[in-house]
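Before any comments, here is the structure.
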Amino acid sequence: MAAPFIEDHALLSDQRGTALVTRDGDVNWLCLPRFDSDAMFCSLLGEDSHGHWSLRIAGGEVVSRRYLPGTMVLETQWRSPTGTATVTEFMPIAGEDASTPDARHGASAMPGEGPRDPSDADGASTTGVASGAGGSGEDGGEATGSASGTPPGSATSLRGDVEDHADLFRLVTCTSGEVEVVQELRIRFEYGQAVPWVRKGQDLGGEPVLIAIAGGDGVALHGPALTAGEDRSHQGRHPLRAGEETAWFLTWFPSWLEVPPARDPRTELERTCAQWTDWLGQVRVDEEHAAPVARSLLVLRALTHRRTGGMVAAATTSLPEDFGGERNWDYRYCWLRDAALSLEALLTHGHVDAAAGWREWLLRAIAGDPERLQIMYSITGDRNLPEQELEHLPGYEGSLPVRIGNGAAAQFQADVVGEVMIALSMMREAGVEETQWSWPLQKALVRFTIDRLDEPDQGIWEMRGEPAFFTHGRVMVWAVFDRAIDAVRSHGLPVDAEELARWERLREQVRTEVLERGVGEDGAFTQTYGSREVDASLLQIPHTGFVPADDPRMLATVARIEQDLHVADGLILRYRTHGQDGLSGDEHPFLVCCFWLVEQYAASGRVEDAERLLGTLLACTNDLHLMAEEYDAGARRMAGNFPQAFSHLGLIRAVDALAAAHG
């Protein structure tokens, strides 16, 4: 059976874990209780035997699907020869009555101890333990941060999830005639490798449930009973008449605890809808393209961990950039760059709390050791992300290897600190107060940049070839000094006068260097010093303030990008591989880069071109306004991990740029 196209999927999220469900009702990817947990449904990257949960109407077809307005609650309309039905699917978000990890575990720094001031390069590191909740409020809500600042400890695993449960609800309502609900459930832990022990039992409320146990993972299915079938699967056929409704929900829980009691599906649905709509209601969405912008904001929220504030790059691993090839990566981690850019988009739309929560996550992730800054961390700030290959999985459309973990975490990418400093600068402009730790952290990041000032890097695209001086990365180095200087000059943050003078001297030095070594004979910025190539990251240069969008060097750069990276319909590649990234195969147009081109067009006066390209890009989204990382313009299908935060933040920024161009 052919794998469903990537764009055929919808995303479900409880802001801690995620699921993907196909148009015809198959949950083929489920990670609970964390975004980066081992998948218990993994047929997305393999076969049904690797775990899935299908729910459909016998003899039926899907008429339509949508998210309920302002939510991540999926509603699918079915029609069969005998009747019609609505399937509503969602993952409840931890409620306001949920205790925080702090309250459950008392996780904090040891008495009398705290983290090292990150600006103290010579200080001794401490043995403080990070709070699992991070910056979360006392009500278990989103991480918000505070002016005073909670002293961050060194990152640890999210122990708070150990005593949690996480749920996936599927509610079926017969709206006319009669229908039969047909299901198959195969629970396979550890990416399809672990077949669980399955038995019938009861939850804490005495309700009958189907229980599956393997190692530390427990799963219970509430709802009308399914019967055991072949290969340790379970099936069910349940008739419904007009007006009748039933629900099944799967609950993950730690296997050494009792099964949590059943909850009323309608109550959970109403509460979940209210939580999503209340959040979106805090964000300014008034553009002409309000629907895709709102959906993109919701996707960014769905990929942000509710308790830690960390934002993952995507919900999946190893969906291929090159179908049948090796360009398959695990994106269920927090890239500092991606998160920083995403938070800029959220700040622009008035959602300051998410930015403050991410800053607290950042402080915890690198507290005490900013000299060992990584480009990515886990959602809890852990730095150990070893890359492994899962040889038992055949991969999406035969794309191998399937990887978990990410070896790029150890790369040096010079642009990352610049992206972070720009985001933190935007937070200041938005009125978010510095904490006692946030400014010392930024000074430490400046020192980190100075210490590696003359070191080549792997670039924004994580090249696995030889390091080089990437022009975009060098501009971001300039941005590190520029934003630090602005923090002192415009906001009065303290620094030694001699140190400030050094920053100003280095800012000018890097600017001169970029203009001398990063501009080719044709007047365009180059991908790396001394090369003739261009790449799409150069479109980000005006975003830093290094030069304006209509600077002759930017106009020449855009002309080269249009000439060298264009594929079809105005869509562009991020770079031409030519074997320079150390991998075989090729790529497709990179969606965020295409949105950057929209921004550049709008900011440089090419408004009609911006509108035309934006229209093309919006047509590349699926029916739910979701996007993957790339788009195969020839086959007209998505490629890469899904949904991708980078693509969605690009959409938001592109629409904002067009709105600004129109005045």
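Identifiers for the structure tokens are assigned positionally: chains receive A, B, ... in sequence, residues are indexed from 1 per chain, and ligands are indexed from 1 in the order shown.
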List every residue of region 411-560 of chain A that DSSP, applied to the backbone, labels as alpha helix (DSSP H), and write the result as a compact mmCIF listing (two decimals) with C-alpha atoms, in the first residue's frame.
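Everything below was put into result32.txt:
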```
# COMPACT_ATOMS: atom_id res chain seq x y z
CA ASP A 415 24.86 32.71 12.74
CA VAL A 416 23.04 31.18 15.71
CA VAL A 417 24.12 33.68 18.36
CA GLY A 418 23.16 36.54 16.07
CA GLU A 419 19.65 35.14 15.63
CA VAL A 420 19.30 34.77 19.39
CA MET A 421 20.58 38.29 20.08
CA ILE A 422 18.16 39.76 17.52
CA ALA A 423 15.25 37.94 19.15
CA LEU A 424 16.27 39.09 22.63
CA SER A 425 16.60 42.64 21.31
CA MET A 426 13.07 42.43 19.92
CA MET A 427 11.89 41.30 23.34
CA ARG A 428 13.37 44.44 24.88
CA GLU A 429 11.64 46.56 22.26
CA SER A 438 19.25 37.38 30.88
CA TRP A 439 21.68 40.27 30.39
CA PRO A 440 24.65 38.36 31.88
CA LEU A 441 23.76 35.56 29.47
CA GLN A 442 23.86 37.94 26.51
CA LYS A 443 27.25 39.25 27.56
CA ALA A 444 28.45 35.67 27.75
CA LEU A 445 27.16 35.06 24.22
CA VAL A 446 29.12 38.07 23.01
CA ARG A 447 32.26 36.61 24.58
CA PHE A 448 31.49 33.27 22.96
CA THR A 449 31.36 35.07 19.61
CA ILE A 450 34.64 36.89 20.25
CA ASP A 451 36.38 33.66 21.23
CA THR A 471 28.69 35.47 4.46
CA HIS A 472 25.29 35.17 6.13
CA GLY A 473 26.98 33.85 9.27
CA ARG A 474 29.46 36.71 9.31
CA VAL A 475 26.64 39.23 9.02
CA MET A 476 25.04 37.54 12.01
CA VAL A 477 28.32 37.92 13.90
CA TRP A 478 28.03 41.64 13.15
CA ALA A 479 24.48 41.50 14.54
CA VAL A 480 25.74 40.04 17.83
CA PHE A 481 27.84 43.14 18.47
CA ASP A 482 25.21 45.49 17.06
CA ARG A 483 22.42 44.27 19.35
CA ALA A 484 24.68 44.14 22.39
CA ILE A 485 25.77 47.73 21.75
CA ASP A 486 22.16 48.79 21.31
CA ALA A 487 21.24 47.15 24.62
CA VAL A 488 23.76 49.41 26.33
CA ARG A 489 23.27 52.59 24.31
CA SER A 490 19.47 52.51 24.02
CA HIS A 491 18.39 50.57 27.09
CA ALA A 497 33.31 51.10 29.08
CA GLU A 498 36.40 49.33 27.78
CA GLU A 499 34.32 46.28 26.85
CA LEU A 500 31.76 48.43 25.05
CA ALA A 501 34.53 50.11 23.06
CA ARG A 502 35.81 46.67 22.09
CA TRP A 503 32.35 45.63 20.88
CA GLU A 504 32.09 48.78 18.78
CA ARG A 505 35.51 48.20 17.29
CA LEU A 506 34.71 44.58 16.43
CA ARG A 507 31.35 45.52 14.94
CA GLU A 508 33.07 47.85 12.50
CA GLN A 509 35.81 45.31 11.83
CA VAL A 510 33.32 42.58 10.89
CA ARG A 511 31.29 44.96 8.74
CA THR A 512 34.38 45.98 6.79
CA GLU A 513 35.40 42.34 6.41
CA VAL A 514 32.00 41.30 5.03
CA LEU A 515 31.90 44.10 2.49
CA GLU A 516 35.45 43.34 1.35
CA ARG A 517 35.35 39.53 1.30
CA ILE A 541 20.83 40.23 5.52
CA PRO A 542 18.40 43.21 5.49
CA HIS A 543 16.55 41.66 8.43
CA THR A 544 19.61 42.31 10.58
CA PRO A 552 22.46 47.77 -4.65
CA ARG A 553 24.31 44.76 -3.23
CA MET A 554 21.03 43.19 -2.15
CA LEU A 555 19.41 43.89 -5.51
CA ALA A 556 22.36 42.22 -7.23
CA THR A 557 22.10 39.30 -4.81
CA VAL A 558 18.41 38.84 -5.55
CA ALA A 559 19.12 38.84 -9.28
CA ARG A 560 21.70 36.08 -8.79
```
Proximity of region 259-319 of chain A to region 337-349 of chain A: per-residue shortest pair, 9 Å limit, only C-alpha atoms, as a tab-separated table:
```
residue	atom	partner	partner_atom	distance
A:Gln282	CA	A:His349	CA	8.5
A:Val283	CA	A:His349	CA	5.2
A:Arg284	CA	A:His349	CA	4.9
A:Val285	CA	A:His349	CA	7.0
A:Leu297	CA	A:Leu346	CA	7.2
A:Leu300	CA	A:Ser342	CA	7.2
A:Gly310	CA	A:Ala339	CA	7.9
A:Met311	CA	A:Ala339	CA	5.9
A:Val312	CA	A:Ala339	CA	7.6
A:Ala313	CA	A:Asp338	CA	6.6
```
Task: Exercise: region 221-235 of chain A partners within 9 Å, only C-alpha atoms, chain neighbours under 2 positions left out, as a ChimeraX atom specification - done: /A:49,182-187,195-196,198,203,207-212,219,237-238,246-251,262
Task: Distance query region 595-604 of chain A at most 10 Å, only C-alpha atoms, self and fewer than 3 positions along chain excluded, as a PyMOL selection string - done: chain A and resi 536-543+548-551+554-555+558+561-562+570-572+590-592+607-614+617+647-662
Output file for the selection above: C-alpha atoms, as a CSV table (one decimal), in the first residue's frame:
```
chain,number,residue,atom,x,y,z
A,536,ALA,CA,19.0,31.9,0.0
A,537,SER,CA,20.2,32.8,3.5
A,538,LEU,CA,21.6,36.0,2.0
A,539,LEU,CA,18.0,37.2,1.8
A,540,GLN,CA,18.1,37.6,5.6
A,541,ILE,CA,20.8,40.2,5.5
A,542,PRO,CA,18.4,43.2,5.5
A,543,HIS,CA,16.5,41.7,8.4
A,548,PRO,CA,18.6,47.9,3.6
A,549,ALA,CA,16.5,45.7,1.2
A,550,ASP,CA,17.0,48.2,-1.7
A,551,ASP,CA,20.8,48.4,-1.3
A,554,MET,CA,21.0,43.2,-2.1
A,555,LEU,CA,19.4,43.9,-5.5
A,558,VAL,CA,18.4,38.8,-5.6
A,561,ILE,CA,19.3,34.1,-6.6
A,562,GLU,CA,16.6,34.4,-9.2
A,570,GLY,CA,9.1,31.6,-8.6
A,571,LEU,CA,10.1,28.9,-6.1
A,572,ILE,CA,13.8,28.8,-5.1
A,590,PHE,CA,12.9,25.3,0.5
A,591,LEU,CA,9.6,27.0,1.6
A,592,VAL,CA,11.0,29.4,4.2
A,607,VAL,CA,5.2,44.6,-4.4
A,608,GLU,CA,3.5,42.9,-7.3
A,609,ASP,CA,6.2,40.2,-7.5
A,610,ALA,CA,5.8,39.7,-3.7
A,611,GLU,CA,2.0,39.3,-4.1
A,612,ARG,CA,2.4,36.9,-7.0
A,613,LEU,CA,4.9,34.7,-5.2
A,614,LEU,CA,2.9,34.7,-1.9
A,617,LEU,CA,3.2,29.7,-1.9
A,647,SER,CA,7.9,27.4,6.9
A,648,HIS,CA,5.1,28.7,9.1
A,649,LEU,CA,7.1,31.6,10.6
A,650,GLY,CA,8.2,32.4,7.0
A,651,LEU,CA,4.5,32.7,6.0
A,652,ILE,CA,3.8,35.0,8.9
A,653,ARG,CA,6.7,37.3,8.2
A,654,ALA,CA,6.0,37.4,4.4
A,655,VAL,CA,2.4,38.5,5.0
A,656,ASP,CA,3.6,41.1,7.5
A,657,ALA,CA,6.1,42.4,5.0
A,658,LEU,CA,3.4,42.8,2.4
A,659,ALA,CA,1.1,44.6,4.8
A,660,ALA,CA,3.9,47.0,5.7
A,661,ALA,CA,4.6,47.6,2.0
A,662,HIS,CA,0.9,48.5,1.5
```
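With only C-alpha atoms as the atoms that count, the residue of A:Glu47, A:Glu326, A:Glu75, A:Asp586 with the shortest distance to Leu393 (chain A) is A:Glu47.
Counting only C-alpha atoms and comparing A:Cys273, A:Ala166, A:Leu626, A:Cys334, the residue that lies closest to Ala220 (chain A) is A:Ala166.
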Contact table region 308-377 of chain A vs region 397-412 of chain A, cut-off 12 Å, shortest pair per residue, only C-alpha atoms, as a Markdown table:
```
| residue | atom | partner | partner_atom | distance |
| --- | --- | --- | --- | --- |
| A:Thr316 | CA | A:Ile404 | CA | 9.8 |
| A:Thr317 | CA | A:Ile404 | CA | 6.7 |
| A:Ser318 | CA | A:Val402 | CA | 5.4 |
| A:Leu319 | CA | A:Ser399 | CA | 7.9 |
| A:Pro320 | CA | A:Ser399 | CA | 6.3 |
| A:Glu321 | CA | A:Ser399 | CA | 9.2 |
| A:Asp322 | CA | A:Ser399 | CA | 7.8 |
| A:Phe323 | CA | A:Ser399 | CA | 5.9 |
| A:Gly324 | CA | A:Ser399 | CA | 4.0 |
| A:Gly325 | CA | A:Ser399 | CA | 5.1 |
| A:Glu326 | CA | A:Leu400 | CA | 5.3 |
| A:Arg327 | CA | A:Leu400 | CA | 8.1 |
| A:Asn328 | CA | A:Val402 | CA | 6.5 |
| A:Trp329 | CA | A:Arg403 | CA | 5.9 |
| A:Asp330 | CA | A:Ile404 | CA | 5.4 |
| A:Tyr331 | CA | A:Asn406 | CA | 7.9 |
| A:Arg332 | CA | A:Gly405 | CA | 8.4 |
| A:Tyr333 | CA | A:Gly405 | CA | 8.4 |
| A:Cys334 | CA | A:Ala409 | CA | 10.0 |
| A:Trp335 | CA | A:Ala409 | CA | 8.7 |
| A:Leu336 | CA | A:Ala409 | CA | 10.5 |
| A:Glu371 | CA | A:Phe412 | CA | 11.7 |
| A:Arg372 | CA | A:Ala410 | CA | 9.5 |
| A:Leu373 | CA | A:Phe412 | CA | 8.7 |
| A:Gln374 | CA | A:Ala409 | CA | 6.0 |
| A:Ile375 | CA | A:Ala409 | CA | 5.7 |
| A:Met376 | CA | A:Ala409 | CA | 5.5 |
| A:Tyr377 | CA | A:Ala409 | CA | 7.4 |
```
Would you save the residues from that selection as a tab-separated table (two decimals), in the first residue's frame, using C-alpha atoms?
```
chain	number	residue	atom	x	y	z
A	316	THR	CA	8.44	14.34	12.83
A	317	THR	CA	11.70	12.65	12.02
A	318	SER	CA	13.03	11.36	8.70
A	319	LEU	CA	10.37	12.54	6.30
A	320	PRO	CA	12.65	12.90	3.28
A	321	GLU	CA	13.88	16.00	1.54
A	322	ASP	CA	14.80	13.74	-1.38
A	323	PHE	CA	12.31	10.89	-1.88
A	324	GLY	CA	14.17	7.60	-1.74
A	325	GLY	CA	17.37	9.33	-0.63
A	326	GLU	CA	19.41	9.82	2.54
A	327	ARG	CA	18.44	13.41	3.42
A	328	ASN	CA	16.30	12.35	6.37
A	329	TRP	CA	16.69	14.10	9.73
A	330	ASP	CA	15.12	14.25	13.17
A	331	TYR	CA	13.55	17.68	13.69
A	332	ARG	CA	11.93	17.07	17.08
A	333	TYR	CA	14.45	19.29	18.85
A	334	CYS	CA	14.84	22.96	19.61
A	335	TRP	CA	17.04	24.80	17.13
A	336	LEU	CA	18.04	28.12	18.66
A	371	GLU	CA	31.08	28.50	26.21
A	372	ARG	CA	29.72	25.12	25.02
A	373	LEU	CA	26.75	26.63	23.20
A	374	GLN	CA	25.01	24.21	20.84
A	375	ILE	CA	22.81	25.01	17.86
A	376	MET	CA	20.04	22.79	19.23
A	377	TYR	CA	18.86	21.18	22.45
```
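Counting from CA of Glu587 (chain A), the distance to CA of Pro394 (chain A) is 20.5 Å.
Between CA of Ser255 (chain A) and CA of Gly216 (chain A) the separation is 5.1 Å.
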Open item on the list: For the structure I just gave you, how does DSSP split region 179-275 of chain A - specifically, which residues are strand (DSSP E or B)? Reply as a PyMOL selection string.
Closed with: chain A and resi 179-186+194+197-202+208-214+217-222+227-228+234-241+245-254
Please produce a file of the residues just selected, as a PDB file, in the first residue's frame, where the atoms kept are C-alpha atoms.
```
ATOM      1  CA  VAL A 179     -23.159   4.297   9.978  1.00  0.00           C
ATOM      2  CA  GLU A 180     -20.691   1.693  11.163  1.00  0.00           C
ATOM      3  CA  VAL A 181     -17.416   2.759  12.761  1.00  0.00           C
ATOM      4  CA  VAL A 182     -14.546   0.450  11.765  1.00  0.00           C
ATOM      5  CA  GLN A 183     -11.252   0.473  13.672  1.00  0.00           C
ATOM      6  CA  GLU A 184      -7.894  -1.230  13.846  1.00  0.00           C
ATOM      7  CA  LEU A 185      -5.455  -0.538  16.677  1.00  0.00           C
ATOM      8  CA  ARG A 186      -1.837  -1.710  16.749  1.00  0.00           C
ATOM      9  CA  ALA A 194       8.338  -3.275  21.105  1.00  0.00           C
ATOM     10  CA  TRP A 197       1.726  -6.926  26.814  1.00  0.00           C
ATOM     11  CA  VAL A 198      -1.995  -6.283  26.284  1.00  0.00           C
ATOM     12  CA  ARG A 199      -4.752  -7.124  28.734  1.00  0.00           C
ATOM     13  CA  LYS A 200      -8.194  -6.031  29.823  1.00  0.00           C
ATOM     14  CA  GLY A 201      -8.432  -4.067  33.036  1.00  0.00           C
ATOM     15  CA  GLN A 202      -9.991  -1.117  34.806  1.00  0.00           C
ATOM     16  CA  PRO A 208     -13.206  -1.157  31.715  1.00  0.00           C
ATOM     17  CA  VAL A 209     -10.181  -0.383  29.522  1.00  0.00           C
ATOM     18  CA  LEU A 210      -7.752  -2.131  27.212  1.00  0.00           C
ATOM     19  CA  ILE A 211      -4.241  -1.804  28.659  1.00  0.00           C
ATOM     20  CA  ALA A 212      -0.934  -2.123  26.796  1.00  0.00           C
ATOM     21  CA  ILE A 213       2.365  -2.180  28.709  1.00  0.00           C
ATOM     22  CA  ALA A 214       5.990  -2.208  27.552  1.00  0.00           C
ATOM     23  CA  ASP A 217       5.170   3.049  28.813  1.00  0.00           C
ATOM     24  CA  GLY A 218       1.544   2.302  29.503  1.00  0.00           C
ATOM     25  CA  VAL A 219      -1.392   2.986  27.208  1.00  0.00           C
ATOM     26  CA  ALA A 220      -5.075   2.498  27.950  1.00  0.00           C
ATOM     27  CA  LEU A 221      -7.944   2.625  25.469  1.00  0.00           C
ATOM     28  CA  HIS A 222     -11.243   3.918  26.835  1.00  0.00           C
ATOM     29  CA  THR A 227     -11.629  -7.438  20.015  1.00  0.00           C
ATOM     30  CA  ALA A 228      -8.235  -9.089  19.750  1.00  0.00           C
ATOM     31  CA  HIS A 234      -7.404  -5.070  17.948  1.00  0.00           C
ATOM     32  CA  GLN A 235     -10.414  -4.426  15.744  1.00  0.00           C
ATOM     33  CA  GLY A 236     -13.908  -3.131  16.223  1.00  0.00           C
ATOM     34  CA  ARG A 237     -17.118  -2.462  14.300  1.00  0.00           C
ATOM     35  CA  HIS A 238     -19.657  -0.273  16.072  1.00  0.00           C
ATOM     36  CA  PRO A 239     -23.003   0.838  14.581  1.00  0.00           C
ATOM     37  CA  LEU A 240     -24.421   4.299  15.238  1.00  0.00           C
ATOM     38  CA  ARG A 241     -27.773   5.823  14.366  1.00  0.00           C
ATOM     39  CA  GLU A 245     -22.396   9.579  19.617  1.00  0.00           C
ATOM     40  CA  THR A 246     -19.532   7.584  21.021  1.00  0.00           C
ATOM     41  CA  ALA A 247     -15.892   8.208  21.780  1.00  0.00           C
ATOM     42  CA  TRP A 248     -12.619   6.385  22.144  1.00  0.00           C
ATOM     43  CA  PHE A 249      -9.576   7.881  23.732  1.00  0.00           C
ATOM     44  CA  LEU A 250      -6.076   6.604  24.196  1.00  0.00           C
ATOM     45  CA  THR A 251      -4.261   7.571  27.387  1.00  0.00           C
ATOM     46  CA  TRP A 252      -0.511   7.327  27.865  1.00  0.00           C
ATOM     47  CA  PHE A 253       0.592   6.869  31.485  1.00  0.00           C
ATOM     48  CA  PRO A 254       3.701   5.604  33.329  1.00  0.00           C
TER      49      PRO A 254
END
```
Contact residues around His50 (chain A) with only C-alpha atoms at 10 Å, ignoring same-chain residues under 5 positions, as a PDB file with N, CA and C atoms, in the first residue's frame:
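Here's the written file out24.pdb:
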```
ATOM      1  N   ASN A  28      -0.970   7.595  12.077  1.00  0.00           N
ATOM      2  CA  ASN A  28       0.222   6.808  11.744  1.00  0.00           C
ATOM      3  C   ASN A  28       1.496   7.352  12.385  1.00  0.00           C
ATOM      4  N   TRP A  29       1.349   8.356  13.240  1.00  0.00           N
ATOM      5  CA  TRP A  29       2.492   8.919  13.979  1.00  0.00           C
ATOM      6  C   TRP A  29       1.976   9.464  15.296  1.00  0.00           C
ATOM      7  N   ALA A  39       8.113   6.980  19.138  1.00  0.00           N
ATOM      8  CA  ALA A  39       6.768   6.882  18.571  1.00  0.00           C
ATOM      9  C   ALA A  39       6.139   5.540  18.921  1.00  0.00           C
ATOM     10  N   MET A  40       4.871   5.562  19.322  1.00  0.00           N
ATOM     11  CA  MET A  40       4.134   4.321  19.549  1.00  0.00           C
ATOM     12  C   MET A  40       3.277   3.943  18.344  1.00  0.00           C
ATOM     13  N   PHE A  41       2.999   4.909  17.472  1.00  0.00           N
ATOM     14  CA  PHE A  41       2.460   4.646  16.140  1.00  0.00           C
ATOM     15  C   PHE A  41       3.509   5.160  15.159  1.00  0.00           C
ATOM     16  N   CYS A  42       4.047   4.271  14.337  1.00  0.00           N
ATOM     17  CA  CYS A  42       5.183   4.639  13.490  1.00  0.00           C
ATOM     18  C   CYS A  42       5.012   4.148  12.058  1.00  0.00           C
ATOM     19  N   SER A  43       3.791   3.821  11.639  1.00  0.00           N
ATOM     20  CA  SER A  43       3.599   3.336  10.270  1.00  0.00           C
ATOM     21  C   SER A  43       3.890   4.417   9.240  1.00  0.00           C
ATOM     22  N   LEU A  44       3.951   5.679   9.661  1.00  0.00           N
ATOM     23  CA  LEU A  44       4.353   6.754   8.758  1.00  0.00           C
ATOM     24  C   LEU A  44       5.702   6.454   8.118  1.00  0.00           C
ATOM     25  N   LEU A  45       6.588   5.832   8.872  1.00  0.00           N
ATOM     26  CA  LEU A  45       7.937   5.522   8.393  1.00  0.00           C
ATOM     27  C   LEU A  45       8.109   4.037   8.102  1.00  0.00           C
ATOM     28  N   ARG A 186      -3.086  -0.971  16.522  1.00  0.00           N
ATOM     29  CA  ARG A 186      -1.837  -1.710  16.749  1.00  0.00           C
ATOM     30  C   ARG A 186      -0.895  -0.797  17.533  1.00  0.00           C
ATOM     31  N   ILE A 187      -0.703  -1.097  18.783  1.00  0.00           N
ATOM     32  CA  ILE A 187       0.204  -0.320  19.621  1.00  0.00           C
ATOM     33  C   ILE A 187       1.571  -0.982  19.569  1.00  0.00           C
ATOM     34  N   ARG A 188       2.571  -0.208  19.135  1.00  0.00           N
ATOM     35  CA  ARG A 188       3.937  -0.724  19.029  1.00  0.00           C
ATOM     36  C   ARG A 188       4.892   0.349  19.548  1.00  0.00           C
ATOM     37  N   PHE A 189       5.406   0.132  20.741  1.00  0.00           N
ATOM     38  CA  PHE A 189       6.296   1.117  21.337  1.00  0.00           C
ATOM     39  C   PHE A 189       7.679   1.084  20.666  1.00  0.00           C
ATOM     40  N   GLU A 190       8.495   2.082  21.001  1.00  0.00           N
ATOM     41  CA  GLU A 190       9.886   2.173  20.537  1.00  0.00           C
ATOM     42  C   GLU A 190       9.974   2.113  19.013  1.00  0.00           C
ATOM     43  N   TYR A 191       9.214   2.981  18.357  1.00  0.00           N
ATOM     44  CA  TYR A 191       9.238   3.088  16.898  1.00  0.00           C
ATOM     45  C   TYR A 191       8.901   1.759  16.223  1.00  0.00           C
ATOM     46  N   GLY A 192       7.925   1.048  16.792  1.00  0.00           N
ATOM     47  CA  GLY A 192       7.459  -0.182  16.168  1.00  0.00           C
ATOM     48  C   GLY A 192       8.222  -1.425  16.545  1.00  0.00           C
ATOM     49  N   GLN A 193       9.217  -1.313  17.432  1.00  0.00           N
ATOM     50  CA  GLN A 193      10.027  -2.482  17.787  1.00  0.00           C
ATOM     51  C   GLN A 193       9.450  -3.282  18.940  1.00  0.00           C
ATOM     52  N   ALA A 194       8.781  -2.623  19.876  1.00  0.00           N
ATOM     53  CA  ALA A 194       8.338  -3.275  21.105  1.00  0.00           C
ATOM     54  C   ALA A 194       6.853  -3.611  21.025  1.00  0.00           C
ATOM     55  N   VAL A 195       6.559  -4.911  21.009  1.00  0.00           N
ATOM     56  CA  VAL A 195       5.168  -5.362  21.030  1.00  0.00           C
ATOM     57  C   VAL A 195       4.738  -5.446  22.491  1.00  0.00           C
ATOM     58  N   HIS A 392      15.360  -1.181  11.455  1.00  0.00           N
ATOM     59  CA  HIS A 392      14.176  -2.030  11.287  1.00  0.00           C
ATOM     60  C   HIS A 392      13.072  -1.345  10.495  1.00  0.00           C
ATOM     61  N   LEU A 393      13.182  -0.034  10.272  1.00  0.00           N
ATOM     62  CA  LEU A 393      12.143   0.699   9.555  1.00  0.00           C
ATOM     63  C   LEU A 393      12.537   0.885   8.091  1.00  0.00           C
TER      64      LEU A 393
END
```
Give me the residues near region 455-458 of chain A as a PDB file with C-alpha atoms, in the first residue's frame, where near means some atom within 9 Å (using only C-alpha atoms) and where sequence neighbours in that chain fewer than 5 positions away do not count.
```
ATOM      1  CA  GLN A 411      28.304  21.746  14.705  1.00  0.00           C
ATOM      2  CA  PHE A 412      29.533  25.308  15.031  1.00  0.00           C
ATOM      3  CA  GLN A 413      27.210  27.633  13.132  1.00  0.00           C
ATOM      4  CA  ALA A 414      28.277  31.237  13.479  1.00  0.00           C
ATOM      5  CA  MET A 463      26.705  21.551   5.762  1.00  0.00           C
ATOM      6  CA  ARG A 464      28.385  18.266   6.576  1.00  0.00           C
ATOM      7  CA  GLY A 465      31.340  19.133   4.361  1.00  0.00           C
ATOM      8  CA  GLU A 466      34.337  21.330   5.151  1.00  0.00           C
ATOM      9  CA  PRO A 467      33.706  24.445   7.282  1.00  0.00           C
ATOM     10  CA  ALA A 468      33.916  27.854   5.612  1.00  0.00           C
ATOM     11  CA  PHE A 469      33.271  31.530   6.254  1.00  0.00           C
ATOM     12  CA  PHE A 470      29.622  31.887   5.253  1.00  0.00           C
ATOM     13  CA  GLY A 473      26.978  33.849   9.272  1.00  0.00           C
TER      14      GLY A 473
END
```
Just want the 9 Å neighbourhood of Ala315 (chain A), counted on only C-alpha atoms, with same-chain residues fewer than 2 positions away dropped. Output as a PDB file with C-alpha atoms, in the first residue's frame.
```pdb
ATOM      1  CA  LEU A  11      -1.437  17.738  13.112  1.00  0.00           C
ATOM      2  CA  GLY A  17       3.386  15.621  22.249  1.00  0.00           C
ATOM      3  CA  THR A  18       2.001  15.304  18.740  1.00  0.00           C
ATOM      4  CA  ALA A  19       0.074  13.018  16.414  1.00  0.00           C
ATOM      5  CA  LEU A  20      -0.437  12.948  12.664  1.00  0.00           C
ATOM      6  CA  CYS A  31       4.745  10.614  20.196  1.00  0.00           C
ATOM      7  CA  PHE A  35       7.531  15.664  21.135  1.00  0.00           C
ATOM      8  CA  ASP A  36      10.724  13.583  21.078  1.00  0.00           C
ATOM      9  CA  LEU A 303       5.188  22.905  18.508  1.00  0.00           C
ATOM     10  CA  VAL A 312      10.700  22.021  18.251  1.00  0.00           C
ATOM     11  CA  ALA A 313      11.431  22.495  14.552  1.00  0.00           C
ATOM     12  CA  THR A 317      11.700  12.652  12.019  1.00  0.00           C
ATOM     13  CA  TYR A 331      13.549  17.677  13.691  1.00  0.00           C
ATOM     14  CA  ARG A 332      11.926  17.067  17.084  1.00  0.00           C
ATOM     15  CA  ASN A 641       9.467  17.025   7.993  1.00  0.00           C
ATOM     16  CA  PHE A 642       5.927  18.133   8.766  1.00  0.00           C
ATOM     17  CA  PRO A 643       4.612  20.518   9.823  1.00  0.00           C
ATOM     18  CA  GLN A 644       7.688  22.704   9.814  1.00  0.00           C
TER      19      GLN A 644
END
```
Could the residues of region 168-228 of chain A that have an atom at most 12 Å from region 77-80 of chain A be listed as JSON lines, each with its closest atom pair and the distance in Å to one decimal, counting only C-alpha atoms and ordered by chain and ascending residue number?
```
{"residue": "A:Leu171", "atom": "CA", "partner": "A:Gln77", "partner_atom": "CA", "distance": 12.0}
{"residue": "A:Val172", "atom": "CA", "partner": "A:Gln77", "partner_atom": "CA", "distance": 10.0}
{"residue": "A:Thr173", "atom": "CA", "partner": "A:Gln77", "partner_atom": "CA", "distance": 9.8}
{"residue": "A:Cys174", "atom": "CA", "partner": "A:Trp78", "partner_atom": "CA", "distance": 9.3}
{"residue": "A:Thr175", "atom": "CA", "partner": "A:Gln77", "partner_atom": "CA", "distance": 9.5}
{"residue": "A:Ser176", "atom": "CA", "partner": "A:Arg79", "partner_atom": "CA", "distance": 9.3}
{"residue": "A:Gly177", "atom": "CA", "partner": "A:Ser80", "partner_atom": "CA", "distance": 9.3}
{"residue": "A:Glu178", "atom": "CA", "partner": "A:Ser80", "partner_atom": "CA", "distance": 8.8}
{"residue": "A:Val179", "atom": "CA", "partner": "A:Ser80", "partner_atom": "CA", "distance": 7.1}
{"residue": "A:Glu180", "atom": "CA", "partner": "A:Ser80", "partner_atom": "CA", "distance": 9.2}
{"residue": "A:Val181", "atom": "CA", "partner": "A:Trp78", "partner_atom": "CA", "distance": 10.7}
```
